[in-house]
Amino acid sequence: NRSDIIWHAVTPGSSAHKDELMRKTKKGGASTVPSNVLSAIVWQVASGLRYLHSECHRCHRDIKPQNILVNFQGLVKIADFGVASTELESTVADMSTFCGTVHYMAPERLKGNSYSYPSDVWALGVTLYELTTGSPPFSGKEGFFDLLNNISNNPVPEVLPSPTVPDTLVDLIDCMLDKDSSKRVSASQILKHSFISSAGAASSKNGGWGGRAATVFSEETAAGHVESWLKAVAPT
């Protein structure tokens with residue numbers, strides 16, 4: 001089920017309640033995450049990564065669905081900084097270490113190469129791919145080393161546009177999952193991508209948001225889209 005794979009529902013002052021939200025989501029019968037909700041989720045996570053990369057000069061190194069938290073007000077937060085790197089200038093060796101979760105690791109990490117902020121973008125791209133299609137892009141049917149080989153050496157399986165998967169979403173996934181880390185989009189570029197801006201523009205036309213087109217999202221309006229969807233699929 002595409003809508004029950006990433007959520008840890010966090011109510012104010014409480015710990016995560018993933019299983020409860022999963023049960024409610026399945027009970028709600030949802031089988032997909034609408035593209036406007038995906039754009040709101042990506043905007044919030046990419047905003048956090050932009051700050052982490054540009055202001056804190058840190059790489060999270062373990063972006064994955066289980067580390068993306070959402071509360072019933074629609075606010076999305078990045079969690080678990082236990083393997084996040086410190087200042088890049090002083091941790092070149094640390095940035096080459098093998099930690100994180102394999103399904104979401106970038107090819108350059110699995111090959112033992114040095115890596116940086118683009119590896120976080122790759123992990124978010126895998127998460128977005130999973131939300132869009134229902135499963136990660138790579139699997140290891142023959143075991144762990146088969147998975148490593150697939151991620152490192154095989155092309156990313158194509159996501160095809162459909163009535164529920166716009167061309168702009170497909171393009172963003174492609175940009176985030178470029179095997180060449182030097183060509184991968186940055187967190188700042190994700191925030192300016194047409195998938196994000198088109199979702200904001202459509203919301204403004206529908207009267208759902210009133211923000212300026214240049215801003216597209218604010219935390220309040222992005223959270224509003226996620227909150228509305230959660231109420232529909234997992235009413236409290």
# chains A, B, ... in the order shown; residues from 1 in each chain; ligands from 1
$ residues_around --residues "region 106-123 of chain A" --least-positions-apart "6" --cutoff "8 Å" --atoms "only C-alpha atoms" --output "count of residues only"
28
$ residues_around --residues "Pro157 (chain A)" --least-positions-apart "4" --cutoff "12 Å" --atoms "only C-alpha atoms" --output "PyMOL selection string"
chain A and resi 126+129-130+133+135-139+150-151+170+173-174+177-178
$ select_by_dssp --residues "region 34-191 of chain A" --states "helix (DSSP H, G or I)" --output "ChimeraX atom specification"
/A:35-55,65-67,88-90,94-96,102-104,107-110,117-133,144-153,167-176,187-191
$ closest_atom_pairs --of "region 86-186 of chain A" --to "region 37-40 of chain A" --cutoff "10 Å" --atoms "only C-alpha atoms" --output "CSV"
residue,atom,partner,partner_atom,distance
A:Leu128,CA,A:Leu38,CA,7.6
A:Leu131,CA,A:Leu38,CA,7.9
A:Thr132,CA,A:Leu38,CA,8.3
A:Leu169,CA,A:Ser39,CA,8.5
$ write_last_selection --atoms "C-alpha atoms" --output "JSON list (two decimals), in the first residue's frame"
[["chain", "number", "residue", "atom", "x", "y", "z"],
["A", 128, "LEU", "CA", 9.75, 9.67, -3.40],
["A", 131, "LEU", "CA", 5.72, 6.69, -2.45],
["A", 132, "THR", "CA", 4.94, 7.05, -6.14],
["A", 169, "LEU", "CA", 7.00, 14.26, -10.87]]
$ closest_residue --among "A:Met105, A:Leu147, A:Leu124, A:Cys56" --to "Leu172 (chain A)" --atoms "only C-alpha atoms"
A:Leu124
$ atom_distance --atom1 "CA of Tyr51 (chain A)" --atom2 "CA of Lys77 (chain A)"
12.5 Å
$ atom_distance --atom1 "CA of Phe195 (chain A)" --atom2 "CA of Ser47 (chain A)"
14.8 Å
$ closest_residue --among "A:Trp229, A:Tyr104, A:Phe72, A:Phe145" --to "Ser35 (chain A)" --atoms "only C-alpha atoms"
A:Trp229
$ select_by_dssp --residues "region 61-185 of chain A" --states "strand (DSSP E or B)" --output "list of chain:residue names"
A:Ile68, A:Leu69, A:Val70, A:Val76, A:Lys77, A:Ile78, A:Ser162, A:Val165
$ write_last_selection --atoms "C-alpha atoms" --output "PDB file, in the first residue's frame"
ATOM      1  CA  ILE A  68      10.573  11.113   7.971  1.00  0.00           C
ATOM      2  CA  LEU A  69       8.079  11.961  10.685  1.00  0.00           C
ATOM      3  CA  VAL A  70       4.665  13.535  10.214  1.00  0.00           C
ATOM      4  CA  VAL A  76       6.897  16.773   8.267  1.00  0.00           C
ATOM      5  CA  LYS A  77      10.244  16.542  10.064  1.00  0.00           C
ATOM      6  CA  ILE A  78      13.543  14.772   9.484  1.00  0.00           C
ATOM      7  CA  SER A 162      -0.029   8.533 -15.769  1.00  0.00           C
ATOM      8  CA  VAL A 165       1.782  10.680 -11.915  1.00  0.00           C
TER       9      VAL A 165
END
$ atom_distance --atom1 "CA of Pro155 (chain A)" --atom2 "CA of Ile41 (chain A)"
25.7 Å
$ closest_residue --among "A:Ser198, A:Thr127, A:Asn67, A:Ser188" --to "Glu55 (chain A)" --atoms "only C-alpha atoms"
A:Ser188
